[in-house]
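Structure first, then comments.
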Amino acid sequence: MNRLKLVEVFRSLQGEGANSGKSVVFLRLAGCNLNCAFCDTDFRQTNLELTPTELLSMIERKYPLCKNVIWTGGEPTLQLTDEVVSLFKSHGYWQAIETNGLKPAPLGLDYITLSPKCDLQRVRENYNGRIVGEVRCPIAAGDALPAIEELPQALHYMVSPIFDGDRMVPENIRHCQFLIERDPRWRLSLQLHKLIGIR
């Protein structure tokens, strides 16, 4: 298996989406196929290069009580493979991924968060026949929501108001509320980790 390029590895609480409050180890992989202005990660930076086995050993040593990992980025599908997911699964890990959907996620994951930013047709094709955990759309005031019918099938559809760094933007939250009132199949997802001052 190839070495994985990582920006950082840390344990915290999941701050967004349907798994908010869950204790997880974040595995932030380097590299992305988009360049979103609101991204809060310097995904060009690589601080660690480890084989999957080395990464697994490091996590087991540093966080022996936490068996939940979230593959995030950047864009984790640029590096994550079925074999890496299988390795972690064989050691009893619950695994989630946060992806923009422009590449299919590996098989064997327990939870998929799709955060599509462009090319919905390609996202639909990549996840045709797969039920994902949630679709979470970052939203600023004035943004339109895609129709749920245009998205892959998900257990949850969530709107996430874009923050200014760690600062809430009230007009973005109000706009999300307006969108949810128009279509109650959507739910609000706040970046709780920023609100309570954790990573």
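All residue names refer to the structure tokens as shown: chains lettered A, B, ... in order, residues numbered from 1 in each chain, ligands numbered from 1 in order.
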TODO: Could you give me the residues within range 14-168 of chain A that DSSP places in alpha helix (DSSP H), as a list of chain:residue names?
DONE: A:Pro52, A:Thr53, A:Glu54, A:Leu55, A:Leu56, A:Ser57, A:Met58, A:Ile59, A:Glu60, A:Arg61, A:Lys62, A:Asp82, A:Glu83, A:Val84, A:Val85, A:Ser86, A:Leu87, A:Phe88, A:Lys89, A:Ser90, A:Leu120, A:Gln121, A:Arg122, A:Val123, A:Arg124, A:Glu125, A:Asn126
Open item on the list: Set the distance at 9 Å and use only C-alpha atoms: which residues neighbour Ser20 in chain A once local chain neighbours fewer than 3 positions away are removed? I'd like the list as a PyMOL selection string.
Closed with: chain A and resi 13-17+23+189+191-192
Expected file contents, prior selection, N, CA, C and O atoms, as a JSON list (two decimals), in the first residue's frame:
[["chain", "number", "residue", "atom", "x", "y", "z"],
["A", 13, "LEU", "N", -14.29, 15.93, 19.13],
["A", 13, "LEU", "CA", -15.68, 15.58, 18.92],
["A", 13, "LEU", "C", -16.07, 16.00, 17.51],
["A", 13, "LEU", "O", -15.67, 17.08, 17.06],
["A", 14, "GLN", "N", -16.84, 15.16, 16.84],
["A", 14, "GLN", "CA", -17.36, 15.58, 15.54],
["A", 14, "GLN", "C", -18.28, 16.77, 15.77],
["A", 14, "GLN", "O", -19.17, 16.73, 16.62],
["A", 15, "GLY", "N", -18.02, 17.85, 15.05],
["A", 15, "GLY", "CA", -18.75, 19.09, 15.28],
["A", 15, "GLY", "C", -19.87, 19.37, 14.30],
["A", 15, "GLY", "O", -20.58, 20.36, 14.46],
["A", 16, "GLU", "N", -20.03, 18.53, 13.28],
["A", 16, "GLU", "CA", -21.01, 18.82, 12.24],
["A", 16, "GLU", "C", -21.83, 17.59, 11.91],
["A", 16, "GLU", "O", -21.38, 16.46, 12.08],
["A", 17, "GLY", "N", -23.02, 17.83, 11.37],
["A", 17, "GLY", "CA", -23.80, 16.76, 10.80],
["A", 17, "GLY", "C", -24.49, 15.86, 11.81],
["A", 17, "GLY", "O", -24.56, 16.14, 13.01],
["A", 23, "SER", "N", -17.14, 11.08, 19.67],
["A", 23, "SER", "CA", -15.68, 11.12, 19.84],
["A", 23, "SER", "C", -15.03, 10.40, 18.66],
["A", 23, "SER", "O", -15.34, 9.24, 18.39],
["A", 189, "SER", "N", -27.16, 22.12, 10.16],
["A", 189, "SER", "CA", -25.93, 21.60, 10.76],
["A", 189, "SER", "C", -25.01, 22.78, 11.04],
["A", 189, "SER", "O", -24.51, 23.41, 10.12],
["A", 191, "GLN", "N", -21.47, 24.35, 12.84],
["A", 191, "GLN", "CA", -20.13, 23.90, 13.18],
["A", 191, "GLN", "C", -19.91, 24.09, 14.68],
["A", 191, "GLN", "O", -19.30, 25.04, 15.14],
["A", 192, "LEU", "N", -20.43, 23.11, 15.44],
["A", 192, "LEU", "CA", -20.44, 23.21, 16.90],
["A", 192, "LEU", "C", -19.05, 23.32, 17.49],
["A", 192, "LEU", "O", -18.85, 23.97, 18.52]]
- [ ] Name the residues of range 38-174 of chain A that fall into strand (DSSP E) according to DSSP on the backbone, using the chain letters and numbers of this document, as an MDAnalysis selection string.
- [x] chainID A and resid 48:50 68:72 94:99 111:114 132:139 154:161
Using only C-alpha atoms, what does the table of range 90-134 of chain A residues within 9 Å of range 140-150 of chain A look like, with each row giving the shortest atom pair and its distance in Å to one decimal, sorted by chain and ascending number, as a tab-separated table?
residue	atom	partner	partner_atom	distance
A:Leu120	CA	A:Glu150	CA	7.3
A:Gln121	CA	A:Glu150	CA	7.9
A:Arg124	CA	A:Glu150	CA	7.5
Write to file, as a PDB file, in the first residue's frame, the residues of the selection just made, with N, CA, C and O atoms.
ATOM      1  N   LEU A 120     -22.976  18.321  -9.998  1.00  0.00           N
ATOM      2  CA  LEU A 120     -23.887  17.383  -9.341  1.00  0.00           C
ATOM      3  C   LEU A 120     -24.121  16.127 -10.161  1.00  0.00           C
ATOM      4  O   LEU A 120     -24.324  15.043  -9.602  1.00  0.00           O
ATOM      5  N   GLN A 121     -24.078  16.252 -11.478  1.00  0.00           N
ATOM      6  CA  GLN A 121     -24.281  15.061 -12.315  1.00  0.00           C
ATOM      7  C   GLN A 121     -23.175  14.033 -12.056  1.00  0.00           C
ATOM      8  O   GLN A 121     -23.441  12.843 -11.908  1.00  0.00           O
ATOM      9  N   ARG A 124     -23.752  12.430  -8.670  1.00  0.00           N
ATOM     10  CA  ARG A 124     -24.829  11.427  -8.761  1.00  0.00           C
ATOM     11  C   ARG A 124     -24.319  10.139  -9.390  1.00  0.00           C
ATOM     12  O   ARG A 124     -24.621   9.040  -8.929  1.00  0.00           O
TER      13      ARG A 124
END
Open item on the list: List as a ChimeraX atom specification the protein and nucleic acid residues near Met158 in chain A, meaning an atom at most 6 Å away when only C-alpha atoms are counted, but skip any in the same chain fewer than 6 places from it.
Closed with: /A:136,186-189
Open item on the list: Restricting the calculation to only C-alpha atoms: of A:Leu107, A:Leu55, A:Cys118, A:Val159, which residue gets closest to Glu83 in chain A?
Closed with: A:Leu107
Task: Ile70 in chain A surroundings by only C-alpha atoms, 12 Å radius, close-in-sequence under 5 positions cut, as a PyMOL selection string - done: chain A and resi 9-16+19+22-29+76+80+85+88+93-99+109-113
Open item on the list: Let me make sure I understand: among A:Gly101, A:Gly31, A:Gly129, A:Pro116, which one has the smallest atom-to-atom distance to Gly74 in chain A if we use only C-alpha atoms?
Closed with: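 The shortest atom-to-atom distance to Gly74 in chain A comes from A:Gly31.
The interatomic distance for the pair CA of Gly73 in chain A and CA of Ser115 in chain A works out to 11.9 Å.
The space between CA of Asp164 in chain A and CA of Phe178 in chain A spans 19.8 Å.
All residues of protein, DNA or RNA that reach within 12 Å of Asp166 in chain A, judged by only C-alpha atoms and not counting those fewer than 2 positions away in the chain, are Phe38, Cys39, Asp40, Pro161, Ile162, Phe163, Asp164, Met168, Val169, Leu190, Gln191, Leu192, His193, Lys194, Leu195, Ile196, Gly197, Ile198 and Arg199 of chain A.
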Using C-alpha atoms, can you export the residues from the last selection as an mmCIF file, in the first residue's frame?
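File produced: result24.cif:
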data_model
loop_
_atom_site.group_PDB
_atom_site.id
_atom_site.type_symbol
_atom_site.label_atom_id
_atom_site.label_comp_id
_atom_site.auth_asym_id
_atom_site.auth_seq_id
_atom_site.Cartn_x
_atom_site.Cartn_y
_atom_site.Cartn_z
ATOM 1 C CA PHE A 38 -14.331 29.040 2.659
ATOM 2 C CA CYS A 39 -12.112 25.986 3.284
ATOM 3 C CA ASP A 40 -10.517 26.056 6.747
ATOM 4 C CA PRO A 161 -24.123 27.935 7.134
ATOM 5 C CA ILE A 162 -20.640 29.065 6.143
ATOM 6 C CA PHE A 163 -18.667 30.654 8.996
ATOM 7 C CA ASP A 164 -16.164 33.499 8.704
ATOM 8 C CA MET A 168 -20.890 32.758 12.928
ATOM 9 C CA VAL A 169 -22.428 34.785 10.101
ATOM 10 C CA LEU A 190 -23.887 24.146 12.711
ATOM 11 C CA GLN A 191 -20.127 23.905 13.178
ATOM 12 C CA LEU A 192 -20.444 23.214 16.896
ATOM 13 C CA HIS A 193 -16.706 22.735 17.374
ATOM 14 C CA LYS A 194 -16.213 26.400 16.449
ATOM 15 C CA LEU A 195 -19.027 27.551 18.699
ATOM 16 C CA ILE A 196 -17.671 25.758 21.778
ATOM 17 C CA GLY A 197 -14.009 26.441 21.022
ATOM 18 C CA ILE A 198 -12.610 22.979 20.326
ATOM 19 C CA ARG A 199 -10.791 21.587 17.285
#
Task: A:Leu155, A:Cys32, A:Leu50, A:Ala18 ranked by distance to Leu102 in chain A, top pick (using only C-alpha atoms) - done: A:Cys32
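You will find CA of Val123 in chain A at 29.1 Å from CA of Lys67 in chain A.
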Task: Residue neighbourhood Leu6 in chain A, 7 Å, only C-alpha atoms, exclusion window fewer than 3 positions, as an MDAnalysis selection string - done: chainID A and resid 28:30 46:49
Output N, CA and C atoms for every residue in that selection, as a PDB file, in the first residue's frame.
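Once written, out.pdb looks like this:
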ATOM      1  N   ARG A  28      -6.756  13.817   8.660  1.00  0.00           N
ATOM      2  CA  ARG A  28      -6.881  14.838   7.616  1.00  0.00           C
ATOM      3  C   ARG A  28      -5.805  14.607   6.557  1.00  0.00           C
ATOM      4  N   LEU A  29      -6.246  14.131   5.396  1.00  0.00           N
ATOM      5  CA  LEU A  29      -5.332  13.830   4.303  1.00  0.00           C
ATOM      6  C   LEU A  29      -5.034  15.079   3.484  1.00  0.00           C
ATOM      7  N   ALA A  30      -3.819  15.153   2.957  1.00  0.00           N
ATOM      8  CA  ALA A  30      -3.392  16.300   2.158  1.00  0.00           C
ATOM      9  C   ALA A  30      -3.932  16.186   0.738  1.00  0.00           C
ATOM     10  N   THR A  46       1.866  19.047   3.872  1.00  0.00           N
ATOM     11  CA  THR A  46       1.996  17.652   4.298  1.00  0.00           C
ATOM     12  C   THR A  46       2.928  17.600   5.493  1.00  0.00           C
ATOM     13  N   ASN A  47       2.380  17.210   6.642  1.00  0.00           N
ATOM     14  CA  ASN A  47       3.179  17.145   7.866  1.00  0.00           C
ATOM     15  C   ASN A  47       3.621  15.725   8.208  1.00  0.00           C
ATOM     16  N   LEU A  48       2.923  14.729   7.652  1.00  0.00           N
ATOM     17  CA  LEU A  48       3.230  13.332   7.932  1.00  0.00           C
ATOM     18  C   LEU A  48       3.120  12.529   6.649  1.00  0.00           C
ATOM     19  N   GLU A  49       3.993  11.562   6.484  1.00  0.00           N
ATOM     20  CA  GLU A  49       3.849  10.559   5.426  1.00  0.00           C
ATOM     21  C   GLU A  49       4.040   9.202   6.078  1.00  0.00           C
TER      22      GLU A  49
END
TODO: Counting only C-alpha atoms, figure out which residue out of A:Asp183, A:Glu54, A:Glu125, A:Glu134 gets nearest to Tyr157 in chain A.
DONE: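 Checking each of A:Asp183, A:Glu54, A:Glu125, A:Glu134 against Tyr157 in chain A, counting only C-alpha atoms, the winner is A:Glu134.
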